[in-house]
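Trainee: Input file: my_file.txt. Contents: compact mmCIF, C-alpha atoms.
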```txt
# COMPACT_ATOMS: atom_id res chain seq x y z
CA MET A 1 -49.85 16.87 -33.65
CA LYS A 2 -47.05 18.86 -32.13
CA TRP A 3 -46.06 18.05 -28.55
CA ILE A 4 -44.08 20.50 -26.48
CA THR A 5 -42.20 20.26 -23.21
CA ARG A 6 -39.25 21.57 -21.22
CA GLU A 7 -35.75 21.29 -22.65
CA ARG A 8 -32.96 18.99 -21.34
CA PRO A 9 -35.05 15.78 -21.20
CA LYS A 10 -33.82 12.76 -19.26
CA ILE A 11 -36.47 10.11 -18.58
CA ASP A 12 -40.14 11.04 -18.87
CA ARG A 13 -39.61 13.61 -21.65
CA ILE A 14 -37.87 10.93 -23.71
CA ALA A 15 -40.08 7.99 -22.76
CA CYS A 16 -43.32 9.94 -23.48
CA PRO A 17 -42.32 10.93 -27.03
CA TRP A 18 -41.40 7.30 -27.66
CA LEU A 19 -44.80 6.17 -26.34
CA ILE A 20 -46.72 8.85 -28.23
CA LYS A 21 -44.92 8.24 -31.52
CA ASN A 22 -45.35 4.45 -31.37
CA PHE A 23 -48.75 4.01 -29.77
CA VAL A 24 -50.72 7.26 -29.83
CA ASP A 25 -49.82 9.60 -32.65
CA PRO A 26 -47.40 8.30 -35.30
CA GLU A 27 -47.27 11.75 -36.91
CA ALA A 28 -46.22 13.41 -33.68
CA GLU A 29 -43.53 16.09 -33.71
CA PHE A 30 -41.63 16.97 -30.55
CA ILE A 31 -40.49 20.37 -29.43
CA TYR A 32 -38.25 21.22 -26.49
CA VAL A 33 -38.14 24.78 -25.16
CA PRO A 34 -37.05 26.53 -21.94
CA LYS A 35 -39.45 25.82 -19.12
CA GLU A 36 -40.99 29.30 -18.95
CA GLU A 37 -41.78 29.28 -22.68
CA VAL A 38 -43.67 25.98 -22.79
CA PHE A 39 -47.21 27.38 -22.48
CA ILE A 40 -46.53 30.46 -24.64
CA LYS A 41 -45.01 28.38 -27.43
CA ALA A 42 -47.70 25.73 -27.03
CA LYS A 43 -50.30 28.34 -27.85
CA ALA A 44 -48.28 29.92 -30.67
CA LEU A 45 -47.48 26.56 -32.31
CA ASP A 46 -50.76 24.85 -31.49
CA ALA A 47 -48.84 22.15 -29.65
CA ILE A 48 -49.86 19.94 -26.71
CA PRO A 49 -47.83 20.76 -23.61
CA TYR A 50 -46.73 17.75 -21.57
CA ASP A 51 -44.67 16.82 -18.50
CA ILE A 52 -44.99 20.27 -16.98
CA PRO A 53 -47.12 21.29 -14.00
CA GLY A 54 -50.38 22.85 -15.16
CA ALA A 55 -50.73 20.80 -18.34
CA GLU A 56 -53.23 17.98 -18.78
CA TYR A 57 -50.44 15.53 -19.63
CA THR A 58 -48.32 15.63 -16.52
CA HIS A 59 -47.52 13.87 -13.26
CA GLU A 60 -50.52 12.74 -11.25
CA GLY A 61 -50.00 11.71 -7.65
CA ASP A 62 -47.00 9.40 -7.63
CA HIS A 63 -47.51 8.58 -11.28
CA CYS A 64 -45.58 10.24 -14.05
CA THR A 65 -46.63 11.59 -17.44
CA PHE A 66 -45.91 8.25 -19.11
CA ASP A 67 -48.51 6.66 -16.81
CA TYR A 68 -51.02 9.38 -17.64
CA ILE A 69 -50.71 8.78 -21.39
CA ILE A 70 -51.31 5.06 -20.87
CA LYS A 71 -54.43 5.77 -18.82
CA LYS A 72 -55.77 8.47 -21.12
CA HIS A 73 -55.32 6.42 -24.29
CA ASN A 74 -56.29 3.07 -22.75
CA LEU A 75 -53.08 1.30 -23.67
CA THR A 76 -53.12 -2.28 -22.45
CA ASP A 77 -50.01 -3.92 -23.90
CA PRO A 78 -48.40 -5.68 -20.87
CA ALA A 79 -44.93 -4.73 -22.12
CA ILE A 80 -45.94 -1.06 -22.04
CA LEU A 81 -47.34 -1.41 -18.55
CA GLN A 82 -44.10 -2.97 -17.42
CA ILE A 83 -42.03 -0.20 -18.98
CA ALA A 84 -44.31 2.30 -17.23
CA THR A 85 -43.24 0.95 -13.85
CA ILE A 86 -39.58 1.13 -14.82
CA VAL A 87 -39.98 4.68 -16.14
CA ARG A 88 -41.88 5.74 -13.03
CA GLY A 89 -39.16 4.24 -10.84
CA ALA A 90 -36.39 5.99 -12.75
CA ASP A 91 -38.25 9.28 -13.13
CA THR A 92 -39.46 9.62 -9.56
CA ASP A 93 -36.31 8.32 -7.89
CA SER A 94 -38.16 5.25 -6.61
CA PHE A 95 -35.75 2.60 -7.79
CA HIS A 96 -37.45 -0.05 -5.67
CA LEU A 97 -40.44 -0.07 -8.05
CA ALA A 98 -38.62 -2.08 -10.72
CA PRO A 99 -35.19 -3.74 -10.74
CA GLN A 100 -34.43 -2.08 -14.08
CA ALA A 101 -35.10 1.46 -12.85
CA ALA A 102 -31.64 2.18 -11.41
CA GLY A 103 -29.92 1.09 -14.61
CA LEU A 104 -32.30 3.09 -16.80
CA TRP A 105 -31.62 6.12 -14.63
CA ALA A 106 -27.82 5.72 -14.79
CA ILE A 107 -27.84 5.31 -18.56
CA SER A 108 -30.33 8.14 -19.14
CA ALA A 109 -28.50 10.53 -16.82
CA GLY A 110 -25.23 9.71 -18.57
CA LEU A 111 -26.73 10.14 -22.06
CA SER A 112 -28.14 13.50 -21.06
CA TYR A 113 -24.70 14.49 -19.79
CA ASN A 114 -23.06 13.42 -23.05
CA TYR A 115 -25.62 14.78 -25.51
CA LYS A 116 -26.48 18.43 -25.08
CA ASP A 117 -28.67 18.59 -28.19
CA ASP A 118 -32.21 17.64 -27.14
CA HIS A 119 -33.13 16.10 -30.47
CA GLU A 120 -30.00 14.02 -30.64
CA MET A 121 -30.79 12.90 -27.10
CA LEU A 122 -34.36 12.05 -28.17
CA ASN A 123 -33.09 10.11 -31.13
CA ILE A 124 -30.81 7.95 -28.98
CA GLY A 125 -33.36 7.70 -26.21
CA MET A 126 -35.90 6.28 -28.69
CA LYS A 127 -33.48 3.40 -29.32
CA ILE A 128 -33.23 2.78 -25.58
CA TYR A 129 -37.01 2.49 -25.25
CA ASP A 130 -37.23 0.38 -28.42
CA ALA A 131 -34.76 -1.92 -26.68
CA LEU A 132 -36.65 -1.94 -23.39
CA TYR A 133 -39.82 -2.74 -25.29
CA SER A 134 -38.28 -5.68 -27.15
CA TRP A 135 -36.82 -6.92 -23.91
CA ALA A 136 -40.16 -6.63 -22.09
CA LYS A 137 -42.12 -8.19 -24.92
CA TYR A 138 -39.82 -10.89 -26.23
CA VAL A 139 -36.71 -11.63 -24.23
CA GLN A 140 -37.25 -10.86 -20.58
CA ASP A 141 -37.48 -14.48 -19.49
CA GLU A 142 -34.14 -15.27 -21.05
CA LYS A 143 -31.22 -15.75 -18.73
CA HIS A 144 -27.79 -14.74 -19.82
CA THR A 145 -24.93 -17.16 -19.63
CA TRP A 146 -21.73 -16.14 -21.23
CA GLN A 147 -20.91 -19.31 -23.11
CA THR A 148 -22.74 -19.98 -26.31
CA LYS A 149 -25.42 -22.57 -25.99
CA MET B 1 -4.42 -4.34 -32.85
CA LYS B 2 -7.29 -6.43 -34.06
CA TRP B 3 -9.50 -8.03 -31.44
CA ILE B 4 -11.79 -10.92 -32.28
CA THR B 5 -14.68 -12.61 -30.53
CA ARG B 6 -17.96 -14.47 -31.01
CA GLU B 7 -20.76 -12.85 -33.00
CA GLN B 8 -24.07 -11.54 -31.60
CA PRO B 9 -22.57 -9.65 -28.67
CA LYS B 10 -24.73 -8.56 -25.77
CA ILE B 11 -22.86 -7.34 -22.70
CA ASP B 12 -19.21 -8.28 -22.28
CA ARG B 13 -18.45 -8.33 -26.01
CA ILE B 14 -19.73 -4.74 -26.25
CA ALA B 15 -18.39 -3.48 -22.94
CA CYS B 16 -14.88 -4.87 -23.59
CA PRO B 17 -14.49 -3.19 -26.99
CA TRP B 18 -15.61 0.07 -25.38
CA LEU B 19 -13.03 -0.39 -22.61
CA ILE B 20 -10.26 -1.41 -24.98
CA LYS B 21 -10.92 1.42 -27.42
CA ASN B 22 -11.07 4.09 -24.73
CA PHE B 23 -8.48 2.94 -22.23
CA VAL B 24 -6.17 0.33 -23.73
CA ASP B 25 -5.75 0.46 -27.49
CA THR B 26 -7.23 3.48 -29.25
CA ASP B 27 -6.55 2.00 -32.69
CA ALA B 28 -8.31 -1.24 -31.85
CA GLU B 29 -10.46 -2.88 -34.51
CA PHE B 30 -13.14 -5.38 -33.55
CA ILE B 31 -14.16 -8.48 -35.43
CA TYR B 32 -17.15 -10.70 -34.70
CA VAL B 33 -17.25 -14.24 -36.12
CA PRO B 34 -19.17 -17.44 -35.34
CA ALA B 35 -18.03 -19.04 -32.08
CA ASP B 36 -16.34 -21.98 -33.78
CA LYS B 37 -14.32 -19.68 -36.06
CA VAL B 38 -12.74 -17.43 -33.44
CA GLU B 39 -9.56 -19.41 -32.90
CA GLU B 40 -8.92 -20.03 -36.57
CA GLN B 41 -9.63 -16.44 -37.66
CA ALA B 42 -7.58 -15.04 -34.78
CA ALA B 43 -4.56 -16.89 -36.17
CA ILE B 44 -5.23 -15.86 -39.77
CA LEU B 45 -5.91 -12.20 -38.98
CA ASN B 46 -3.33 -11.92 -36.23
CA ALA B 47 -6.08 -10.76 -33.88
CA ILE B 48 -6.38 -11.09 -30.12
CA PRO B 49 -9.26 -13.42 -29.22
CA PHE B 50 -11.39 -12.30 -26.27
CA ASP B 51 -14.41 -13.45 -24.31
CA VAL B 52 -14.20 -17.03 -25.51
CA PRO B 53 -13.26 -19.97 -23.29
CA GLY B 54 -9.61 -20.99 -23.27
CA VAL B 55 -8.00 -17.65 -24.15
CA GLU B 56 -6.16 -15.15 -22.00
CA PHE B 57 -8.81 -12.45 -22.21
CA SER B 58 -11.78 -14.32 -20.82
CA HIS B 59 -13.89 -15.05 -17.78
CA TYR B 60 -12.02 -16.14 -14.67
CA GLU B 61 -13.26 -17.17 -11.25
CA ASP B 62 -16.62 -15.42 -10.97
CA LYS B 63 -15.47 -12.46 -13.01
CA CYS B 64 -15.91 -11.56 -16.64
CA THR B 65 -13.59 -10.46 -19.42
CA PHE B 66 -14.18 -6.79 -18.63
CA ASP B 67 -12.78 -7.40 -15.14
CA TYR B 68 -9.79 -9.15 -16.63
CA ILE B 69 -8.92 -6.18 -18.83
CA VAL B 70 -9.31 -3.75 -15.92
CA GLU B 71 -6.97 -5.92 -13.87
CA LYS B 72 -4.47 -6.69 -16.60
CA TYR B 73 -3.97 -3.07 -17.63
CA LYS B 74 -4.16 -1.82 -14.05
CA LEU B 75 -6.96 0.60 -14.83
CA THR B 76 -7.63 2.43 -11.61
CA ASP B 77 -10.31 4.94 -12.60
CA PRO B 78 -13.00 4.39 -9.91
CA ALA B 79 -15.73 4.93 -12.53
CA LEU B 80 -14.40 1.88 -14.38
CA LYS B 81 -14.54 -0.16 -11.20
CA THR B 82 -18.17 0.85 -10.78
CA ILE B 83 -18.96 -0.11 -14.37
CA ALA B 84 -17.05 -3.39 -14.01
CA ILE B 85 -19.37 -4.53 -11.23
CA ILE B 86 -22.46 -3.56 -13.26
CA VAL B 87 -21.12 -5.37 -16.33
CA ARG B 88 -20.21 -8.43 -14.28
CA GLY B 89 -23.69 -8.46 -12.75
CA ALA B 90 -25.41 -8.15 -16.13
CA ASP B 91 -23.08 -10.56 -17.91
CA THR B 92 -23.03 -13.35 -15.35
CA ASP B 93 -26.70 -13.17 -14.43
CA ARG B 94 -25.84 -11.86 -10.99
CA HIS B 95 -28.14 -8.86 -10.94
CA ASP B 96 -27.71 -8.65 -7.18
CA LEU B 97 -24.16 -7.34 -7.62
CA ALA B 98 -25.21 -3.85 -8.68
CA SER B 99 -28.62 -2.24 -8.83
CA GLN B 100 -27.93 -1.01 -12.37
CA ALA B 101 -27.24 -4.52 -13.69
CA SER B 102 -30.89 -5.44 -14.40
CA GLY B 103 -31.49 -2.28 -16.39
CA LEU B 104 -28.27 -2.68 -18.36
CA TRP B 105 -29.21 -6.26 -19.10
CA ALA B 106 -32.75 -5.36 -20.22
CA ILE B 107 -31.57 -2.58 -22.52
CA SER B 108 -28.67 -4.65 -23.90
CA ALA B 109 -30.83 -7.71 -24.52
CA GLY B 110 -33.40 -5.52 -26.26
CA LEU B 111 -30.79 -3.74 -28.40
CA SER B 112 -29.38 -7.08 -29.44
CA PHE B 113 -32.89 -8.24 -30.35
CA ASN B 114 -33.53 -5.12 -32.44
CA ILE B 115 -30.18 -4.74 -34.15
CA LYS B 116 -28.90 -7.77 -35.99
CA ASP B 117 -25.80 -6.17 -37.43
CA ASP B 118 -23.00 -6.67 -34.90
CA HIS B 119 -21.14 -3.50 -35.83
CA GLU B 120 -24.21 -1.33 -35.67
CA LEU B 121 -24.94 -2.91 -32.31
CA LEU B 122 -21.38 -2.20 -31.20
CA GLN B 123 -21.77 1.43 -32.18
CA LYS B 124 -25.03 1.82 -30.22
CA GLY B 125 -23.54 -0.11 -27.34
CA MET B 126 -20.55 2.24 -27.21
CA MET B 127 -22.98 5.10 -26.54
CA LEU B 128 -24.49 3.10 -23.72
CA TYR B 129 -21.14 2.63 -22.01
CA ASP B 130 -20.17 6.25 -22.70
CA ALA B 131 -23.36 7.13 -20.84
CA LEU B 132 -22.69 4.74 -17.96
CA TYR B 133 -19.19 6.15 -17.69
CA SER B 134 -20.40 9.75 -17.48
CA TRP B 135 -22.94 8.70 -14.90
CA ALA B 136 -20.37 6.79 -12.84
CA LYS B 137 -17.77 9.53 -13.07
CA TYR B 138 -19.85 12.65 -12.69
CA LEU B 139 -23.41 11.94 -11.68
CA GLN B 140 -23.76 9.11 -9.24
CA LYS B 141 -24.46 10.37 -5.78
CA GLU B 142 -24.18 7.06 -4.08
CA LYS B 143 -23.06 3.55 -4.78
CA HIS B 144 -25.73 0.98 -5.32
CA THR B 145 -23.98 -2.30 -5.01
CA ASN B 146 -25.10 -4.98 -2.63
CA ASN B 147 -21.56 -5.82 -1.83
CA PRO B 148 -20.49 -3.32 0.82
CA VAL B 149 -17.37 -5.28 1.66
CA ASP B 150 -15.99 -4.67 -1.83
CA HIS B 151 -16.52 -0.99 -1.34
CA ILE B 152 -14.93 -0.99 2.06
CA PHE B 153 -11.88 -2.57 0.49
CA ILE B 154 -11.85 -0.07 -2.34
CA ASP B 155 -12.09 2.80 0.13
CA VAL B 156 -9.27 1.35 2.16
CA TYR B 157 -7.26 0.91 -0.98
CA ASN B 158 -7.72 4.56 -1.89
CA LYS B 159 -6.52 5.54 1.53
CA PHE B 160 -3.62 3.15 1.15
CA ILE B 161 -2.58 4.86 -2.07
CA LYS B 162 -2.93 8.34 -0.60
CA GLN B 163 -1.00 7.27 2.43
CA LYS B 164 1.80 5.87 0.36
CA THR B 165 2.38 9.22 -1.25
CA ALA B 166 2.02 11.05 2.04
CA GLN B 167 4.58 8.75 3.72
CA LYS B 168 3.21 9.07 7.21
CA LYS B 169 4.11 6.79 10.08
CA THR B 170 0.95 4.86 10.81
CA PRO B 171 -1.10 4.60 7.66
CA ALA B 172 -4.85 5.17 7.87
CA TRP B 173 -5.46 1.95 5.98
CA VAL B 174 -4.07 -0.03 8.89
CA LYS B 175 -6.78 1.27 11.18
CA GLU B 176 -9.41 0.57 8.56
CA LEU B 177 -8.12 -2.89 7.83
CA LYS B 178 -8.08 -3.61 11.56
CA GLN B 179 -11.73 -2.62 11.73
CA ILE B 180 -12.64 -4.78 8.76
CA ILE B 181 -10.85 -7.79 10.16
CA GLN B 182 -12.56 -7.28 13.48
CA ASP B 183 -15.96 -7.10 11.82
CA GLN B 184 -15.32 -10.06 9.56
CA VAL B 185 -13.38 -12.28 11.89
CA ASP B 186 -15.96 -15.05 11.67
CA THR B 187 -15.87 -15.20 7.87
CA ASN B 188 -13.42 -16.74 5.48
CA LEU B 189 -11.04 -13.81 5.24
CA SER B 190 -7.87 -14.60 3.39
CA LEU B 191 -4.95 -12.40 2.57
CA THR B 192 -5.19 -13.47 -1.05
CA ASN B 193 -8.79 -12.30 -1.25
CA ILE B 194 -8.09 -9.04 0.49
CA SER B 195 -5.05 -8.30 -1.61
CA LYS B 196 -7.07 -9.08 -4.70
CA SER B 197 -9.86 -6.76 -3.60
CA LEU B 198 -7.28 -4.11 -2.81
CA ASP B 199 -5.44 -4.85 -6.02
CA ILE B 200 -2.20 -5.05 -4.07
CA ASN B 201 0.44 -7.68 -4.47
CA PRO B 202 -0.24 -10.27 -1.72
CA SER B 203 3.40 -10.57 -0.70
CA TYR B 204 3.70 -6.82 -0.36
CA LEU B 205 0.56 -6.61 1.75
CA SER B 206 1.79 -9.53 3.79
CA ARG B 207 5.14 -7.82 4.40
CA GLU B 208 3.53 -4.50 5.30
CA PHE B 209 0.95 -6.20 7.45
CA SER B 210 3.18 -7.44 10.26
CA LYS B 211 4.77 -3.99 10.57
CA TYR B 212 1.51 -2.63 11.88
CA PHE B 213 -0.17 -5.65 13.42
CA ASP B 214 1.87 -6.51 16.52
CA ASN B 215 4.55 -8.10 14.41
CA LEU B 216 2.15 -10.89 13.54
CA SER B 217 1.48 -12.34 10.14
CA PHE B 218 -2.03 -12.00 8.74
CA GLY B 219 -2.86 -15.59 9.67
CA GLU B 220 -1.46 -15.24 13.19
CA TYR B 221 -3.32 -12.01 13.73
CA ILE B 222 -6.65 -13.48 12.59
CA ARG B 223 -6.17 -16.54 14.75
CA LYS B 224 -5.33 -14.36 17.76
CA LEU B 225 -8.52 -12.34 17.27
CA ARG B 226 -10.58 -15.49 16.84
CA ILE B 227 -9.27 -17.04 20.02
CA GLU B 228 -9.84 -13.80 21.92
CA LYS B 229 -13.40 -13.81 20.66
CA ALA B 230 -13.80 -17.50 21.58
CA ILE B 231 -12.68 -16.73 25.13
CA GLU B 232 -15.24 -13.94 25.37
CA LEU B 233 -17.94 -16.31 24.16
CA ILE B 234 -16.92 -19.03 26.58
CA LYS B 235 -17.27 -16.49 29.39
CA GLU B 236 -20.72 -15.55 28.19
CA ASP B 237 -21.66 -19.14 28.87
CA LYS B 238 -24.43 -19.10 26.26
CA TYR B 239 -22.96 -21.29 23.55
CA SER B 240 -21.63 -24.80 23.24
CA LEU B 241 -18.01 -25.16 22.15
CA THR B 242 -19.18 -26.42 18.76
CA GLU B 243 -21.19 -23.23 18.30
CA ILE B 244 -18.27 -21.13 19.45
CA ALA B 245 -15.96 -22.78 16.93
CA TYR B 246 -18.47 -21.90 14.24
CA LEU B 247 -19.04 -18.35 15.51
CA THR B 248 -15.35 -17.62 15.47
CA GLY B 249 -14.86 -18.79 11.91
CA PHE B 250 -13.24 -22.16 12.44
CA SER B 251 -14.29 -24.71 9.89
CA ASP B 252 -14.09 -27.64 12.28
CA GLN B 253 -13.95 -28.41 15.94
CA SER B 254 -10.56 -30.11 16.02
CA HIS B 255 -8.90 -27.20 14.24
CA PHE B 256 -10.48 -24.87 16.78
CA THR B 257 -9.27 -27.02 19.67
CA ARG B 258 -5.74 -27.17 18.29
CA ILE B 259 -5.41 -23.43 17.73
CA PHE B 260 -7.04 -22.66 21.04
CA LYS B 261 -4.50 -24.84 22.82
CA GLN B 262 -1.62 -23.17 21.02
CA HIS B 263 -2.75 -19.80 22.31
CA THR B 264 -3.85 -20.64 25.84
CA ASP B 265 -2.04 -23.89 26.60
CA LYS B 266 -5.42 -25.38 27.42
CA SER B 267 -8.11 -27.10 25.42
CA PRO B 268 -11.37 -25.12 25.10
CA SER B 269 -13.22 -27.56 27.35
CA ALA B 270 -10.52 -27.38 30.03
CA TYR B 271 -10.53 -23.60 29.76
CA LYS B 272 -14.30 -23.55 30.13
CA LYS B 273 -14.26 -25.86 33.14
CA GLU B 274 -11.61 -23.80 34.90
CA TRP B 275 -13.44 -20.60 34.22
CA ILE B 276 -16.74 -21.97 35.55
CA LYS B 277 -14.91 -23.22 38.63
CA SER B 278 -13.22 -19.89 39.26
CA LYS B 279 -16.52 -18.08 38.82
CA ALA B 280 -18.23 -20.45 41.29
CA GLY B 281 -15.33 -19.84 43.65
CA THR B 282 -15.74 -16.06 43.61
CA LYS B 283 -19.46 -16.39 44.17
CA SER B 284 -19.25 -18.48 47.30
```
Before anything else, please render the file you have as structure tokens.

Mentor:
Amino acid sequence: MKWITRERPKIDRIACPWLIKNFVDPEAEFIYVPKEEVFIKAKALDAIPYDIPGAEYTHEGDHCTFDYIIKKHNLTDPAILQIATIVRGADTDSFHLAPQAAGLWAISAGLSYNYKDDHEMLNIGMKIYDALYSWAKYVQDEKHTWQTK
Amino acid sequence: MKWITREQPKIDRIACPWLIKNFVDTDAEFIYVPADKVEEQAAILNAIPFDVPGVEFSHYEDKCTFDYIVEKYKLTDPALKTIAIIVRGADTDRHDLASQASGLWAISAGLSFNIKDDHELLQKGMMLYDALYSWAKYLQKEKHTNNPVDHIFIDVYNKFIKQKTAQKKTPAWVKELKQIIQDQVDTNLSLTNISKSLDINPSYLSREFSKYFDNLSFGEYIRKLRIEKAIELIKEDKYSLTEIAYLTGFSDQSHFTRIFKQHTDKSPSAYKKEWIKSKAGTKS
């Protein structure tokens, strides 16, 4: 399927494509357009609009679009659920939700500042969420000491 | 130059190359080798070893190699100072130092798990620090460290620098420093620590200090404030002398007694007795 949202993604519009591509729809294609064109282009391109008010896939209460996808598609991987809290914290400016939220926000905001091409941003952002996923799933209990063990 | 360190970098060995390449040595080349080969290869390749124990560019005190480079090359960009604290927090497992440290650690640990080629990892890591730098320089609205004292010192330092160029009579930093000392008089303030936090030569700060602080040295000034506070506390009549010694930042009772006597010509207990007597006298 095609998935369409507003241009200039930072958190949720990068995290959702990562989630969709890896856990919902491996064939997914992502399109970024100016905000006012999302629903028009969605119809024209037969794409699913997301992370925009008025779409099915969007914020719900204090939860963000990433949370909605998890709920809708019954994803239960604990690593995904943990990332959801971090994403929600970073995306809704509620850094207290997860210790990693403030860092994810700083890095995402900086990436978005440095990369003006949305697809380049998506490409790099995917690596960030791949990393967060590996951390959540495999290495989060590790402590870091600087000297080699 | 060539720079060499241990393989499988995560935080400091990615952040330092980024710092070196962008702010110190634009032609720098980075080499990663097994930990036990760093020294030997450094000699063979004429490379500067970093982030390994026993070399110049390494961890020191509670700080990491990134801090050392910032200090050594006198990098004063405030964005770098912000990043340094985040890197230190992530690298030394002190996530309390900066709220971004946990996130940086999680992403860096995950990247290192996913990418086994050190140079590919370095390249991805560079983007991470480019991003952190843009955030720190242009996008952060507020500072998120849990170490307000550091920031107070940095703010004072900035004023100090501005003041130096402005050449006014009573520098603003004096007022600020006075305030800090007053607030922190019960802690272990030392001129060395303050000068380090301010990144000012201790002897210079020491020389400048007495000009603005009643002609007293830093130590004398602190002691004077502590004794003044002790006298206030004695008059409150709520604390024992042992507690007062502690509350005014003296490490032990006898030191407190000695300094107190130097300033008032009386021991604390004599002072207390006389004060109680004089108070009783006024009451009757």

Trainee: Out of A:Leu75, A:Tyr68, A:Lys10, A:Leu45, which residue has the shortest atom-to-atom distance to chain B when counting only C-alpha atoms?

Mentor: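 Comparing A:Leu75, A:Tyr68, A:Lys10, A:Leu45 against chain B, the winner is A:Lys10.
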
Trainee: Within 10 Å of B:Gly103, counting all atoms listed in the file, which residues show up once you throw out same-chain ones fewer than 4 positions away? Write them as a list of chain:residue names, please.

Mentor: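 What passes the distance filter is A:Ile86, A:Ala98, A:Pro99, A:Gln100, A:Ala101, A:Ala102, A:Gly103, A:Leu104, A:Trp105, A:Ala106, A:Ile107, A:Leu132, B:Ile86, B:Ala90, B:His95, B:Ser99, B:Ile107, B:Ser108, B:Ala109.
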
Trainee: Ranking A:Ser108, A:Ser94, A:Asn114, A:Thr5 by minimum distance to A:Phe39 and counting all atoms listed in the file, which one comes first?

Mentor: A:Thr5

Trainee: Could the residues of chain B within 6 Å of chain A, counting all atoms listed in the file, be given as a PDB file with C-alpha atoms, in the frame of the given file, please?

Mentor:
```pdb
ATOM      1  CA  ASP B  93     -26.700 -13.170 -14.430  1.00  0.00           C
ATOM      2  CA  SER B  99     -28.620  -2.240  -8.830  1.00  0.00           C
ATOM      3  CA  GLN B 100     -27.930  -1.010 -12.370  1.00  0.00           C
ATOM      4  CA  SER B 102     -30.890  -5.440 -14.400  1.00  0.00           C
ATOM      5  CA  GLY B 103     -31.490  -2.280 -16.390  1.00  0.00           C
ATOM      6  CA  LEU B 104     -28.270  -2.680 -18.360  1.00  0.00           C
ATOM      7  CA  ALA B 106     -32.750  -5.360 -20.220  1.00  0.00           C
ATOM      8  CA  ILE B 107     -31.570  -2.580 -22.520  1.00  0.00           C
ATOM      9  CA  GLY B 110     -33.400  -5.520 -26.260  1.00  0.00           C
ATOM     10  CA  LEU B 111     -30.790  -3.740 -28.400  1.00  0.00           C
ATOM     11  CA  ALA B 131     -23.360   7.130 -20.840  1.00  0.00           C
ATOM     12  CA  LEU B 132     -22.690   4.740 -17.960  1.00  0.00           C
ATOM     13  CA  SER B 134     -20.400   9.750 -17.480  1.00  0.00           C
ATOM     14  CA  TRP B 135     -22.940   8.700 -14.900  1.00  0.00           C
TER      15      TRP B 135
END
```

Trainee: Between A:Glu60, A:Asp67, A:Asp93, A:Asp46, single out the one closest to A:Glu29, counting all atoms listed in the file.

Mentor: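 Among A:Glu60, A:Asp67, A:Asp93, A:Asp46, it is A:Asp46 that comes nearest to A:Glu29.
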
Trainee: Grab the atom CA of B:Leu241 to atom CA of B:Ile227 distance for me, in Å with one decimal place.

Mentor: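 Atom CA of B:Leu241 sits 12.1 Å away from atom CA of B:Ile227.
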
Trainee: What does the distance between atom CA of B:Leu80 and atom CA of B:Gln140 come to in Å, to one decimal place?

Mentor: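 Separation between atom CA of B:Leu80 and atom CA of B:Gln140: 12.9 Å.
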